[in-house]
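See structure below.
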Amino acid sequence: MMSSTFKATETEGKGLVCIAMTDISKGSLILNENPQMSAEAEKMGSEKWIRSLMKSFNEMSKADQLEYMTLKNKCSWLIDRNSALKSRISQMEKDSEKADEIFQICCIYESYRMSDGFRIKTSSFKHSCQPNAGKVQKSINLFEVRAISNIKIGQEINLHLSIDPFYGFKSKIDRQEILLNAPPFVICSCDLCESDVDIDANAFKTLILEAE
């Protein structure tokens, strides 16, 4: 996956990451992208949802399908918890190899979906609790990724992906629990989470509970 601004590449210990191909100034456009798959209308995990999702996948170009499947390295947590989904797919598709492929497609969608659908290139950016890029919605369909700090060539570009509006005010333990139980379903490995220093969330806990 290449662009003039960044490339997505596999790295040891981190999986798929996006690396800046040039110096990027704060506020600069990194990517704009429309959803390749619309938001699901059926109940997630149901037979109708699986068939609707596969219809959308099969309507994508072959290049988009291959790029979609490169995101599979993020699905390990979902694979462990989705035995019911895997069983349902096995009942629908008797060919075991085809059933495994459908299961991967469903898990990838679950892991990377956004409120209005699925964007392949945007999904390649990893989560960070201290991101250097941010998401901007320009219209119903048009979605941008812009630098929120200066990014040097060779530096990883990352986004804040948690759907929890108070995520940034919570402790490391609470942040990890949020990430594992909702998209993006990962254990964060950003510098803040890997360091021994964490934010003091005690001052925010009462305010967060009141707001929620």
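Identifiers in the structure tokens: chain A, B, ... in order shown; residue index from 1 per chain; ligand index from 1 in order shown.
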
Next on the checklist: What parts of segment 66-126 of chain A does DSSP call alpha helix (DSSP H)? I'd like the answer as JSON, numbers by chain.
Outcome noted: {"A": [66, 67, 68, 69, 76, 77, 78, 79, 80, 81, 83, 84, 85, 86, 87, 88, 89, 90, 91, 92, 96, 97, 98, 99, 100, 101, 102, 103, 104, 105, 106, 107, 108, 109, 110, 111, 112, 120, 121, 122, 123]}

Checklist entry - Excluding same-chain residues fewer than 4 positions from Ser87 of chain A, what lies within 12 Å of it counting only C-alpha atoms, as a list in words? => result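 In the requested form, the answer reads Gly45, Ser46, Glu47, Ile79, Arg81, Asn82, Ser83, Gln91, Met92, Glu93, Lys94, Ser96, Ala99, Asp100, Ile102 and Phe103 of chain A.
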
May I have the selected residues written with C-alpha atoms, as a CSV table (one decimal), in the first residue's frame?
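Saved as part-v9.csv:
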```csv
chain,number,residue,atom,x,y,z
A,45,GLY,CA,-23.1,-11.6,13.3
A,46,SER,CA,-26.4,-12.7,11.8
A,47,GLU,CA,-26.7,-14.7,8.6
A,79,ILE,CA,-11.0,-14.7,16.3
A,81,ARG,CA,-14.0,-14.4,21.0
A,82,ASN,CA,-16.1,-15.1,17.9
A,83,SER,CA,-16.7,-18.8,18.1
A,91,GLN,CA,-23.2,-23.9,8.7
A,92,MET,CA,-23.6,-21.6,5.7
A,93,GLU,CA,-20.4,-22.6,3.8
A,94,LYS,CA,-19.4,-26.3,3.8
A,96,SER,CA,-13.7,-25.2,5.1
A,99,ALA,CA,-15.5,-20.6,5.4
A,100,ASP,CA,-12.2,-19.5,6.9
A,102,ILE,CA,-15.4,-15.5,5.1
A,103,PHE,CA,-14.6,-15.6,8.8
```

Next on the checklist: Just checking: using only C-alpha atoms, which residue out of A:Cys129, A:Ala201, A:Ile151, A:Leu159 ends up closest to Ser25 of chain A?
Outcome noted: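 Going through A:Cys129, A:Ala201, A:Ile151, A:Leu159 one by one, the smallest distance to Ser25 of chain A is for A:Ile151.
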
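Distance annotation: of A:Ser56, A:Ser61, A:Thr206, A:Thr70, the residue with the minimal separation from Thr9 of chain A is A:Thr70; atom set is only C-alpha atoms.
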
Checklist entry - atom CA of Leu192 of chain A and atom CA of Phe125 of chain A, how far apart in Å? => result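 Calculated distance between atom CA of Phe125 of chain A and atom CA of Leu192 of chain A is 17.2 Å.
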
Checklist entry - What's the 9 Å shell around Ile105 of chain A, counting only C-alpha atoms, without same-chain residues fewer than 4 positions away, as a PyMOL selection string? => result chain A and resi 53-54+57+68-69+72+100-101+109-110

So which residues of segment 74-206 of chain A fall under strand (DSSP E or B) by DSSP, listed as a CSV table (one decimal) with C-alpha atoms, in the first residue's frame?
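And here is the file that came out, part_28.csv:
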```csv
chain,number,residue,atom,x,y,z
A,114,MET,CA,-16.3,3.1,11.5
A,117,GLY,CA,-18.7,2.2,6.9
A,118,PHE,CA,-15.2,0.8,6.2
A,126,LYS,CA,-2.3,2.0,14.1
A,127,HIS,CA,-3.8,3.4,17.3
A,133,ALA,CA,-2.4,12.5,13.0
A,134,GLY,CA,-6.1,13.0,13.4
A,135,LYS,CA,-9.4,12.1,11.5
A,136,VAL,CA,-11.5,14.8,10.0
A,137,GLN,CA,-14.9,14.3,8.5
A,143,PHE,CA,-13.0,11.5,5.3
A,144,GLU,CA,-9.5,13.0,5.8
A,145,VAL,CA,-6.4,12.1,7.8
A,146,ARG,CA,-4.3,15.2,8.7
A,147,ALA,CA,-1.1,15.7,10.7
A,151,ILE,CA,6.1,14.2,11.3
A,156,GLU,CA,5.3,6.1,12.1
A,157,ILE,CA,2.0,7.8,11.5
A,158,ASN,CA,-0.7,6.9,14.0
A,159,LEU,CA,-4.2,7.9,15.0
```
